[in-house]
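Quick look at coords-v2.cif (mmCIF, C-alpha atoms):
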data_query
loop_
_atom_site.label_atom_id
_atom_site.label_comp_id
_atom_site.auth_asym_id
_atom_site.auth_seq_id
_atom_site.Cartn_x
_atom_site.Cartn_y
_atom_site.Cartn_z
CA MET D 1 -116.52 -6.94 -116.98
CA SER D 2 -115.16 -3.95 -115.10
CA LEU D 3 -112.36 -6.14 -113.77
CA PHE D 4 -111.57 -7.26 -117.29
CA LEU D 5 -111.56 -3.64 -118.46
CA ALA D 6 -109.29 -2.61 -115.60
CA LEU D 7 -106.90 -5.43 -116.47
CA ALA D 8 -106.95 -4.50 -120.13
CA LEU D 9 -106.28 -0.83 -119.34
CA SER D 10 -103.47 -1.55 -116.91
CA GLY D 11 -102.12 -3.93 -119.55
CA THR D 12 -101.84 -1.17 -122.13
CA ALA D 13 -100.33 1.17 -119.56
CA VAL D 14 -97.37 -1.08 -118.81
CA VAL D 15 -96.59 -2.33 -122.33
CA ASP D 16 -92.84 -1.97 -122.74
CA TYR D 17 -92.69 -0.60 -126.27
CA GLY D 18 -88.92 -0.66 -126.12
CA ASN D 19 -89.11 -4.43 -126.48
CA THR D 20 -92.66 -5.08 -127.71
CA GLN D 21 -93.85 -4.75 -131.26
CA LEU D 22 -96.81 -2.61 -132.19
CA ALA D 23 -100.02 -4.51 -132.88
CA ASP D 24 -100.44 -2.91 -136.32
CA PRO D 25 -97.87 -4.54 -138.65
CA ARG D 26 -97.75 -1.48 -140.97
CA ALA D 27 -96.96 0.85 -138.07
CA GLU D 28 -94.42 -1.63 -136.70
CA ALA D 29 -92.69 -1.80 -140.10
CA GLN D 30 -92.51 2.00 -140.20
CA ALA D 31 -91.15 2.13 -136.65
CA ARG D 32 -88.61 -0.57 -137.38
CA ALA D 33 -87.35 1.18 -140.52
CA LEU D 34 -86.83 4.37 -138.52
CA MET D 35 -85.19 2.57 -135.59
CA GLY D 36 -82.61 1.13 -137.96
CA GLU D 37 -81.62 4.65 -138.97
CA LEU D 38 -81.34 6.22 -135.52
CA ARG D 39 -78.11 6.09 -133.59
CA CYS D 40 -78.05 4.96 -129.99
CA VAL D 41 -76.48 7.92 -128.16
CA VAL D 42 -74.97 5.74 -125.41
CA CYS D 43 -73.58 2.86 -127.46
CA GLN D 44 -72.49 4.89 -130.47
CA GLY D 45 -71.97 2.91 -133.64
CA GLN D 46 -75.11 0.88 -133.07
CA SER D 47 -78.58 1.74 -134.19
CA ILE D 48 -81.29 1.78 -131.54
CA ALA D 49 -82.75 -1.32 -133.24
CA ASP D 50 -79.52 -3.25 -132.54
CA SER D 51 -78.62 -1.98 -129.10
CA ASP D 52 -79.38 -3.56 -125.72
CA ALA D 53 -78.80 -0.34 -123.75
CA ASP D 54 -81.66 0.98 -121.59
CA MET D 55 -81.47 4.30 -123.37
CA ALA D 56 -81.91 2.57 -126.74
CA ALA D 57 -84.99 0.76 -125.41
CA ASP D 58 -86.37 4.13 -124.28
CA MET D 59 -85.69 5.56 -127.73
CA ARG D 60 -87.43 2.60 -129.38
CA ALA D 61 -90.42 3.09 -127.06
CA LEU D 62 -90.49 6.77 -128.03
CA VAL D 63 -90.45 5.89 -131.74
CA ARG D 64 -93.17 3.22 -131.43
CA GLN D 65 -95.48 5.34 -129.28
CA ARG D 66 -95.21 8.35 -131.55
CA ILE D 67 -95.80 6.26 -134.66
CA ALA D 68 -98.80 4.62 -132.96
CA LYS D 69 -100.13 8.13 -132.33
CA GLY D 70 -99.86 8.83 -136.05
CA GLU D 71 -96.72 10.95 -136.15
CA SER D 72 -94.63 10.57 -139.30
CA PRO D 73 -91.16 8.98 -139.12
CA ALA D 74 -89.69 12.16 -140.64
CA ALA D 75 -91.17 14.28 -137.84
CA ILE D 76 -89.78 11.95 -135.16
CA ARG D 77 -86.35 12.04 -136.79
CA ARG D 78 -86.52 15.85 -136.92
CA TRP D 79 -87.50 15.99 -133.22
CA LEU D 80 -84.43 13.94 -132.28
CA ILE D 81 -82.10 15.90 -134.59
CA GLU D 82 -83.30 19.13 -132.92
CA ARG D 83 -81.99 17.72 -129.65
CA TYR D 84 -78.97 15.59 -130.48
CA GLY D 85 -77.86 17.08 -133.79
CA ASP D 86 -77.48 15.36 -137.18
CA TYR D 87 -75.29 12.84 -135.39
CA VAL D 88 -78.33 10.91 -134.13
CA SER D 89 -79.48 10.07 -137.66
CA TYR D 90 -77.77 7.54 -139.93
CA ASP D 91 -79.19 9.41 -142.92
CA PRO D 92 -77.12 12.59 -142.98
CA PRO D 93 -78.93 15.59 -144.49
CA LEU D 94 -77.31 17.65 -147.24
CA SER D 95 -75.45 20.54 -145.61
CA GLY D 96 -72.16 22.39 -145.93
CA ALA D 97 -70.33 19.71 -143.96
CA THR D 98 -71.82 16.77 -145.83
CA ALA D 99 -71.90 18.28 -149.33
CA LEU D 100 -68.63 16.56 -150.25
CA LEU D 101 -70.03 13.22 -149.05
CA TRP D 102 -72.99 13.52 -151.38
CA ALA D 103 -71.07 15.03 -154.29
CA THR D 104 -68.09 12.65 -154.30
CA PRO D 105 -69.82 9.77 -156.14
CA LEU D 106 -70.94 12.18 -158.87
CA LEU D 107 -67.50 13.78 -159.09
CA LEU D 108 -65.86 10.34 -159.33
CA LEU D 109 -68.32 9.33 -162.04
CA VAL D 110 -67.49 12.45 -164.04
CA ALA D 111 -63.76 11.87 -163.54
CA GLY D 112 -64.17 8.25 -164.64
CA ALA D 113 -66.06 9.23 -167.77
CA TRP D 114 -63.39 11.80 -168.60
CA ILE D 115 -60.56 9.24 -168.19
CA ALA D 116 -62.48 6.62 -170.18
CA ARG D 117 -63.10 9.10 -172.98
CA GLY D 118 -59.39 9.94 -173.08
CA SER D 119 -58.26 6.32 -173.21
CA PHE D 120 -60.79 5.26 -175.87
CA ARG D 121 -59.76 8.17 -178.06
CA ARG D 122 -56.07 7.22 -177.80
CA ARG D 123 -56.74 3.63 -178.85
CA ARG D 124 -58.32 4.68 -182.13
CA MET N 1 -50.14 15.66 -172.20
CA LYS N 2 -49.66 18.41 -169.71
CA ARG N 3 -46.57 17.98 -167.54
CA TRP N 4 -48.13 19.09 -164.27
CA LEU N 5 -50.76 16.37 -164.38
CA ILE N 6 -48.17 13.86 -163.27
CA TRP N 7 -48.11 15.52 -159.85
CA VAL N 8 -51.86 15.23 -159.28
CA PRO N 9 -51.83 11.73 -157.69
CA LEU N 10 -49.00 12.73 -155.33
CA ALA N 11 -50.87 15.89 -154.32
CA GLY N 12 -54.01 13.81 -153.77
CA PHE N 13 -52.06 11.42 -151.57
CA ALA N 14 -50.55 14.32 -149.60
CA ILE N 15 -54.01 15.74 -148.90
CA LEU N 16 -55.31 12.34 -147.82
CA PHE N 17 -52.25 11.88 -145.61
CA VAL N 18 -52.82 15.21 -143.86
CA VAL N 19 -56.52 14.44 -143.30
CA VAL N 20 -55.81 10.98 -141.84
CA ALA N 21 -52.84 12.16 -139.73
CA SER N 22 -54.79 15.05 -138.23
CA GLY N 23 -57.66 12.65 -137.45
CA LEU N 24 -55.26 10.27 -135.73
CA MET N 25 -53.62 13.00 -133.68
CA ARG N 26 -56.84 14.57 -132.41
CA PRO N 27 -57.90 12.82 -129.18
CA SER N 28 -61.16 10.99 -129.77
CA ASP N 29 -64.20 12.69 -128.26
CA THR N 30 -67.40 10.67 -128.31
CA THR N 31 -69.55 12.89 -126.08
CA VAL N 32 -72.90 13.75 -127.62
CA ARG N 33 -73.71 17.35 -126.79
CA SER N 34 -77.24 18.63 -126.60
CA THR N 35 -78.10 20.98 -129.43
CA LEU N 36 -80.60 22.73 -127.17
CA VAL N 37 -77.90 24.81 -125.47
CA ASP N 38 -78.77 28.51 -126.03
CA LYS N 39 -82.39 27.50 -126.67
CA PRO N 40 -85.40 27.69 -124.35
CA LEU N 41 -85.98 24.82 -121.94
CA PRO N 42 -88.56 22.44 -123.50
CA ASP N 43 -91.91 22.07 -121.75
CA PHE N 44 -92.19 19.17 -119.35
CA ARG N 45 -93.80 18.15 -116.11
CA LEU N 46 -92.62 15.29 -113.91
CA ASP N 47 -94.24 13.71 -110.85
CA PRO N 48 -92.49 13.81 -107.48
CA MET N 49 -90.04 11.00 -106.81
CA VAL N 50 -89.78 10.99 -103.01
CA PRO N 51 -92.31 11.99 -100.34
CA GLY N 52 -91.97 15.55 -99.10
CA LYS N 53 -90.19 16.84 -102.18
CA PRO N 54 -91.99 18.32 -105.19
CA GLY N 55 -91.68 17.09 -108.77
CA VAL N 56 -90.05 19.16 -111.47
CA ALA N 57 -91.74 21.16 -114.22
CA SER N 58 -90.31 23.49 -116.84
CA ALA N 59 -92.64 26.19 -115.49
CA GLY N 60 -90.45 26.38 -112.38
CA PHE N 61 -87.48 27.66 -114.39
CA GLY N 62 -86.74 31.11 -115.75
CA LYS N 63 -88.36 32.96 -112.88
CA GLY N 64 -85.62 35.53 -112.52
CA GLN N 65 -83.17 33.09 -110.96
CA PRO N 66 -80.81 30.65 -112.70
CA ARG N 67 -81.10 27.01 -111.62
CA LEU N 68 -79.19 23.81 -112.24
CA LEU N 69 -81.06 20.78 -113.53
CA ASN N 70 -79.20 17.60 -112.66
CA VAL N 71 -79.93 14.38 -114.56
CA PHE N 72 -79.06 11.48 -112.27
CA ALA N 73 -79.98 8.01 -111.01
CA SER N 74 -79.48 6.03 -107.82
CA TRP N 75 -77.89 3.20 -109.85
CA CYS N 76 -75.32 5.51 -111.41
CA ILE N 77 -71.83 5.23 -109.88
CA PRO N 78 -70.42 8.58 -111.15
CA CYS N 79 -73.48 10.23 -109.56
CA ILE N 80 -72.11 9.17 -106.17
CA ALA N 81 -68.76 10.73 -107.05
CA GLU N 82 -70.57 13.90 -108.08
CA ALA N 83 -72.68 14.21 -104.92
CA PRO N 84 -70.14 16.15 -102.76
CA GLN N 85 -69.73 18.74 -105.53
CA LEU N 86 -73.50 19.22 -105.75
CA MET N 87 -73.59 19.64 -101.96
CA ALA N 88 -70.84 22.27 -102.26
CA LEU N 89 -72.84 24.08 -104.94
CA LYS N 90 -75.93 24.00 -102.75
CA ALA N 91 -73.88 25.40 -99.84
CA LYS N 92 -72.84 28.27 -102.12
CA GLY N 93 -76.49 29.06 -102.72
CA VAL N 94 -76.99 27.47 -106.14
CA PRO N 95 -80.53 26.04 -106.45
CA ILE N 96 -80.51 22.51 -107.92
CA ASP N 97 -83.44 20.49 -109.25
CA ALA N 98 -83.10 16.94 -110.51
CA ILE N 99 -84.67 14.41 -112.78
CA ALA N 100 -84.18 10.76 -111.84
CA ILE N 101 -83.85 8.29 -114.72
CA HIS N 102 -85.17 4.70 -114.56
CA ASP N 103 -85.53 4.82 -110.83
CA LYS N 104 -87.76 4.09 -107.85
CA GLY N 105 -88.67 6.30 -104.89
CA PRO N 106 -87.17 4.13 -102.12
CA ALA N 107 -83.90 3.74 -104.06
CA ILE N 108 -83.65 7.52 -104.46
CA ALA N 109 -84.46 8.10 -100.78
CA ASP N 110 -81.68 5.67 -99.87
CA PHE N 111 -79.27 7.39 -102.28
CA LEU N 112 -80.02 10.78 -100.72
CA ARG N 113 -79.56 9.38 -97.22
CA ARG N 114 -76.13 8.02 -98.10
CA ASN N 115 -74.80 10.79 -100.33
CA GLY N 116 -76.57 13.93 -99.13
CA ASP N 117 -79.52 15.74 -100.62
CA PRO N 118 -78.68 18.86 -102.64
CA TYR N 119 -82.02 18.93 -104.48
CA ALA N 120 -84.93 21.34 -104.15
CA ALA N 121 -87.13 19.09 -106.28
CA ILE N 122 -86.84 15.69 -107.95
CA GLY N 123 -88.93 14.56 -110.91
CA ASP N 124 -89.60 10.95 -111.88
CA ASP N 125 -88.46 10.35 -115.48
CA ALA N 126 -88.93 6.58 -115.57
CA HIS N 127 -88.66 6.22 -119.34
CA SER N 128 -86.05 8.93 -120.09
CA ARG N 129 -88.72 10.99 -121.88
CA VAL N 130 -87.65 14.33 -120.47
CA GLN N 131 -84.00 13.35 -120.65
CA MET N 132 -84.44 12.83 -124.40
CA SER N 133 -86.38 16.04 -124.81
CA LEU N 134 -83.36 17.83 -123.29
CA GLY N 135 -80.93 16.14 -125.67
CA SER N 136 -79.18 14.48 -122.76
CA SER N 137 -77.51 11.16 -123.51
CA GLY N 138 -76.53 9.79 -120.12
CA VAL N 139 -76.14 10.20 -116.38
CA PRO N 140 -74.93 12.31 -114.78
CA GLU N 141 -75.43 15.46 -116.78
CA THR N 142 -76.26 18.92 -115.51
CA PHE N 143 -77.96 21.76 -117.35
CA LEU N 144 -77.75 25.40 -116.34
CA ILE N 145 -80.98 27.25 -117.06
CA ASP N 146 -80.70 31.03 -116.91
CA ALA N 147 -83.02 33.58 -115.32
CA ARG N 148 -85.08 33.77 -118.54
CA GLY N 149 -85.60 30.03 -118.90
CA ARG N 150 -82.97 29.33 -121.54
CA ILE N 151 -80.51 26.44 -121.35
CA VAL N 152 -77.13 28.17 -121.31
CA ARG N 153 -74.78 25.32 -120.44
CA GLN N 154 -74.56 21.55 -120.33
CA TYR N 155 -72.02 19.84 -118.08
CA ILE N 156 -71.54 16.27 -119.27
CA GLY N 157 -70.34 13.64 -116.82
CA ASP N 158 -69.82 13.96 -113.09
CA ILE N 159 -68.97 17.44 -111.85
CA ARG N 160 -65.44 17.45 -110.45
CA ALA N 161 -64.20 19.44 -107.46
CA ASP N 162 -62.22 21.79 -109.72
CA GLN N 163 -65.37 22.65 -111.70
CA VAL N 164 -67.36 23.96 -108.74
CA ASP N 165 -65.98 27.51 -108.75
CA ARG N 166 -66.44 27.82 -112.50
CA ILE N 167 -70.05 26.64 -112.25
CA VAL N 168 -70.73 29.19 -109.49
CA ARG N 169 -69.39 31.88 -111.87
CA ASP N 170 -71.51 30.48 -114.73
CA VAL N 171 -74.60 30.63 -112.51
CA ALA N 172 -73.82 34.22 -111.51
CA ALA N 173 -73.41 35.11 -115.19
CA ALA N 174 -76.78 33.54 -116.03
CA ARG N 175 -78.74 35.96 -113.87
#
Kindly present the structure from the file in structure tokens form.
Amino acid sequence: MSLFLALALSGTAVVDYGNTQLADPRAEAQARALMGELRCVVCQGQSIADSDADMAADMRALVRQRIAKGESPAAIRRWLIERYGDYVSYDPPLSGATALLWATPLLLLVAGAWIARGSFRRRR
Amino acid sequence: MKRWLIWVPLAGFAILFVVVASGLMRPSDTTVRSTLVDKPLPDFRLDPMVPGKPGVASAGFGKGQPRLLNVFASWCIPCIAEAPQLMALKAKGVPIDAIAIHDKGPAIADFLRRNGDPYAAIGDDAHSRVQMSLGSSGVPETFLIDARGRIVRQYIGDIRADQVDRIVRDVAAAR
């Protein structure tokens, strides 16, 4: 029994969460959604979910362990942004630099409506 | 219809052209800098990596003396290139601690035997935990922590011979 317990404990200690799913499917789904939106800082242009780099595996392990401990995905994202900047997240927050990015679709929609209005009026 | 409106598309194109051209002319820079520079060193505590040398903890920084914190690994080639510069810094009296990423004690001991040992302490960061908490994205990187325990500088990549004097000045300024 004690041997079994020791094996079980050492088993949990060496689980490589960079490449092993969490046992709880809900937590794993949360972790996976977040991993798809975090940038690997070594192999830029890939998310940590897609990358084979060691650093990406470490970042996945960090995400899974923190989610398993009950931390929210938003808090984990914030923790990483505090260290690597907005760059690490694929979901850019609204700020001075990204305002245009967020506003452009709306501006284009307004411009489109204005042009459409003009052309319909002319046809009449 | 207003006359000037006819120039709007051309003006739009000109703006786009300037944006794209300036983007093309700027050399690409893909280094990810830590946003913790000018902020306090995060709390951490790492076990020793090799016998006879202590581990590294954040409590050891900010005790009235600036220190360098080198992020390295025995499997990292640029770290070998950097070793002579770290030895030169040590010879000039700069204290250097290190955290070893994804590494094993014997491999580190071998690395130190071959390339010299500039470190006062080496901590075992097997899963890059502390590296991530510092906002470091690779090896080698070196952080300068000032006398009050704040990160004041991050040197990304291997330290070159022509950087040594500047780093000694940075360390002196961080007192």
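Near chain D, counting all atoms listed in the file at 7 Å, the chain N residues are Val32, Arg33, Ser34, Thr35, Leu36, His127, Ser128, Ser133, Leu134, Gly135, Ser137 and Gly138 of chain N.
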Grab the atom CA of D:Val15 to atom CA of D:Ser89 distance for me, in Å with one decimal place.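 Atom-to-atom, atom CA of D:Val15 and atom CA of D:Ser89 are spaced 26.1 Å apart.
A straight line drawn from atom CA of N:Ala107 to atom CA of N:Pro51 is 12.4 Å long.
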Select all residues near (-64.6, 20.1, -104.1) (cut-off 12 Å, inclusive, file coordinates), counting only C-alpha atoms, and output them as a PyMOL selection string. chain N and resi 81-89+91-92+159-167
Could you list, as an mmCIF file with C-alpha atoms, in the frame of the given file, every residue within 7 Å of N:Asp103, counting all atoms listed in the file and ignoring same-chain residues fewer than 4 positions away?
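The result, stored in result_17.cif:
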data_model
loop_
_atom_site.group_PDB
_atom_site.id
_atom_site.type_symbol
_atom_site.label_atom_id
_atom_site.label_comp_id
_atom_site.auth_asym_id
_atom_site.auth_seq_id
_atom_site.Cartn_x
_atom_site.Cartn_y
_atom_site.Cartn_z
ATOM 1 C CA ALA N 73 -79.980 8.010 -111.010
ATOM 2 C CA SER N 74 -79.480 6.030 -107.820
ATOM 3 C CA ALA N 126 -88.930 6.580 -115.570
#
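Of the residues under consideration (D:Asn19, D:Thr104, D:Ser95, D:Ser119), D:Asn19 shows the shortest atom-to-atom contact distance to D:Ala53 when counting all atoms listed in the file.
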Convert the output of the PyMOL selection byres ((chain D and resi 74) around 12) on the shown file into explicit residues, formatted as a list of chain:residue names. D:Gln30, D:Ala31, D:Ala33, D:Leu34, D:Met35, D:Glu37, D:Leu38, D:Val63, D:Arg66, D:Ile67, D:Gly70, D:Glu71, D:Ser72, D:Pro73, D:Ala75, D:Ile76, D:Arg77, D:Arg78, D:Trp79, D:Leu80, D:Ile81, D:Ser89, D:Asp91, D:Pro93
Separation of atom CA of N:Gly105 and atom CA of N:Asp125, in Å?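 Value for the atom CA of N:Gly105-atom CA of N:Asp125 distance: 11.3 Å.
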Restricting to only C-alpha atoms, whichever of N:Gln65, N:Ser28, N:Gln131, N:Asn70 is closest to N:Asp97 is N:Asn70
Pick from D:Arg39, D:Arg121, D:Ala68, D:Ala116, whichever lies nearest to D:Pro25 using all atoms listed in the file: D:Ala68
Which residue is closest to N:Cys76? Choose from N:Gly116, N:Pro40, N:Pro140, N:Pro54 and count all atoms listed in the file. N:Pro140
Any chance you could work out the axis-aligned box around stretch 135-154 of chain N, listed atoms only, 6 Å on each side, giving centre and edge lengths in Å to one decimal, as JSON?
{"center_x": -80.1, "center_y": 21.8, "center_z": -120.2, "size_x": 23.0, "size_y": 36.0, "size_z": 22.9}
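When the PyMOL selection byres ((chain N and resi 49) around 10) is run on the displayed coordinates, the residues it returns are Leu46, Asp47, Pro48, Val50, Pro51, Gly52, Lys53, Pro54, Gly55, Val56, Ala98, Ile99, Ala100, Asp103, Lys104, Gly105, Pro106, Ala107, Ile108, Ala109, Ala121, Ile122, Gly123, Asp124, Asp125 and Ala126 of chain N.
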Mind telling me what the PyMOL selection byres ((chain N and resi 58) around 6) catches here, as a VMD selection string? chain N and resid 43 to 44 57 59 to 61
As a ChimeraX atom specification, please: the residues near N:Arg148 (cut-off 7 Å, all atoms listed in the file, same-chain neighbours under 6 positions excluded). /N:62-64
Could you add the missing atoms to stretch 74-99 of chain D, up to N, CA and C atoms, and return them as a PDB file, in the frame of the given file?
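Once written, part25.pdb looks like this:
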ATOM      1  N   ALA D  74     -90.528  10.986-140.381  1.00  0.00           N
ATOM      2  CA  ALA D  74     -89.690  12.160-140.640  1.00  0.00           C
ATOM      3  C   ALA D  74     -89.776  13.169-139.499  1.00  0.00           C
ATOM      4  N   ALA D  75     -90.989  13.323-138.942  1.00  0.00           N
ATOM      5  CA  ALA D  75     -91.170  14.280-137.840  1.00  0.00           C
ATOM      6  C   ALA D  75     -90.438  13.813-136.590  1.00  0.00           C
ATOM      7  N   ILE D  76     -90.464  12.499-136.345  1.00  0.00           N
ATOM      8  CA  ILE D  76     -89.780  11.950-135.160  1.00  0.00           C
ATOM      9  C   ILE D  76     -88.274  12.133-135.315  1.00  0.00           C
ATOM     10  N   ARG D  77     -87.781  11.860-136.524  1.00  0.00           N
ATOM     11  CA  ARG D  77     -86.350  12.040-136.790  1.00  0.00           C
ATOM     12  C   ARG D  77     -85.963  13.505-136.570  1.00  0.00           C
ATOM     13  N   ARG D  78     -86.806  14.411-137.061  1.00  0.00           N
ATOM     14  CA  ARG D  78     -86.520  15.850-136.920  1.00  0.00           C
ATOM     15  C   ARG D  78     -86.492  16.239-135.433  1.00  0.00           C
ATOM     16  N   TRP D  79     -87.433  15.694-134.659  1.00  0.00           N
ATOM     17  CA  TRP D  79     -87.500  15.990-133.220  1.00  0.00           C
ATOM     18  C   TRP D  79     -86.205  15.585-132.543  1.00  0.00           C
ATOM     19  N   LEU D  80     -85.678  14.412-132.907  1.00  0.00           N
ATOM     20  CA  LEU D  80     -84.430  13.940-132.280  1.00  0.00           C
ATOM     21  C   LEU D  80     -83.235  14.756-132.767  1.00  0.00           C
ATOM     22  N   ILE D  81     -83.224  15.113-134.062  1.00  0.00           N
ATOM     23  CA  ILE D  81     -82.100  15.900-134.590  1.00  0.00           C
ATOM     24  C   ILE D  81     -82.060  17.277-133.934  1.00  0.00           C
ATOM     25  N   GLU D  82     -83.248  17.834-133.631  1.00  0.00           N
ATOM     26  CA  GLU D  82     -83.300  19.130-132.920  1.00  0.00           C
ATOM     27  C   GLU D  82     -82.590  19.046-131.579  1.00  0.00           C
ATOM     28  N   ARG D  83     -82.545  17.874-130.982  1.00  0.00           N
ATOM     29  CA  ARG D  83     -81.990  17.720-129.650  1.00  0.00           C
ATOM     30  C   ARG D  83     -80.566  17.184-129.623  1.00  0.00           C
ATOM     31  N   TYR D  84     -80.284  16.232-130.514  1.00  0.00           N
ATOM     32  CA  TYR D  84     -78.970  15.590-130.480  1.00  0.00           C
ATOM     33  C   TYR D  84     -78.102  15.972-131.691  1.00  0.00           C
ATOM     34  N   GLY D  85     -78.630  16.741-132.599  1.00  0.00           N
ATOM     35  CA  GLY D  85     -77.860  17.080-133.790  1.00  0.00           C
ATOM     36  C   GLY D  85     -77.988  16.013-134.869  1.00  0.00           C
ATOM     37  N   ASP D  86     -77.411  16.299-136.057  1.00  0.00           N
ATOM     38  CA  ASP D  86     -77.480  15.360-137.180  1.00  0.00           C
ATOM     39  C   ASP D  86     -76.896  14.000-136.823  1.00  0.00           C
ATOM     40  N   TYR D  87     -76.009  14.039-135.812  1.00  0.00           N
ATOM     41  CA  TYR D  87     -75.290  12.840-135.390  1.00  0.00           C
ATOM     42  C   TYR D  87     -76.232  11.674-135.079  1.00  0.00           C
ATOM     43  N   VAL D  88     -77.429  11.967-134.596  1.00  0.00           N
ATOM     44  CA  VAL D  88     -78.330  10.910-134.130  1.00  0.00           C
ATOM     45  C   VAL D  88     -78.956  10.132-135.296  1.00  0.00           C
ATOM     46  N   SER D  89     -78.877  10.717-136.500  1.00  0.00           N
ATOM     47  CA  SER D  89     -79.480  10.070-137.660  1.00  0.00           C
ATOM     48  C   SER D  89     -78.414   9.426-138.527  1.00  0.00           C
ATOM     49  N   TYR D  90     -78.698   8.208-139.006  1.00  0.00           N
ATOM     50  CA  TYR D  90     -77.770   7.540-139.930  1.00  0.00           C
ATOM     51  C   TYR D  90     -78.009   7.973-141.369  1.00  0.00           C
ATOM     52  N   ASP D  91     -78.910   8.909-141.565  1.00  0.00           N
ATOM     53  CA  ASP D  91     -79.190   9.410-142.920  1.00  0.00           C
ATOM     54  C   ASP D  91     -78.830  10.885-142.930  1.00  0.00           C
ATOM     55  N   PRO D  92     -77.545  11.205-143.139  1.00  0.00           N
ATOM     56  CA  PRO D  92     -77.120  12.590-142.980  1.00  0.00           C
ATOM     57  C   PRO D  92     -77.768  13.516-144.009  1.00  0.00           C
ATOM     58  N   PRO D  93     -78.308  14.655-143.561  1.00  0.00           N
ATOM     59  CA  PRO D  93     -78.930  15.590-144.490  1.00  0.00           C
ATOM     60  C   PRO D  93     -77.854  16.333-145.286  1.00  0.00           C
ATOM     61  N   LEU D  94     -78.235  16.878-146.412  1.00  0.00           N
ATOM     62  CA  LEU D  94     -77.310  17.650-147.240  1.00  0.00           C
ATOM     63  C   LEU D  94     -77.068  19.002-146.574  1.00  0.00           C
ATOM     64  N   SER D  95     -75.787  19.252-146.221  1.00  0.00           N
ATOM     65  CA  SER D  95     -75.450  20.540-145.610  1.00  0.00           C
ATOM     66  C   SER D  95     -74.022  20.862-146.030  1.00  0.00           C
ATOM     67  N   GLY D  96     -73.514  21.996-145.572  1.00  0.00           N
ATOM     68  CA  GLY D  96     -72.160  22.390-145.930  1.00  0.00           C
ATOM     69  C   GLY D  96     -71.147  21.304-145.597  1.00  0.00           C
ATOM     70  N   ALA D  97     -71.304  20.704-144.412  1.00  0.00           N
ATOM     71  CA  ALA D  97     -70.330  19.710-143.960  1.00  0.00           C
ATOM     72  C   ALA D  97     -70.444  18.402-144.721  1.00  0.00           C
ATOM     73  N   THR D  98     -71.647  18.064-145.192  1.00  0.00           N
ATOM     74  CA  THR D  98     -71.820  16.770-145.830  1.00  0.00           C
ATOM     75  C   THR D  98     -71.901  16.869-147.354  1.00  0.00           C
ATOM     76  N   ALA D  99     -71.763  18.096-147.884  1.00  0.00           N
ATOM     77  CA  ALA D  99     -71.900  18.280-149.330  1.00  0.00           C
ATOM     78  C   ALA D  99     -70.909  17.398-150.083  1.00  0.00           C
TER      79      ALA D  99
END
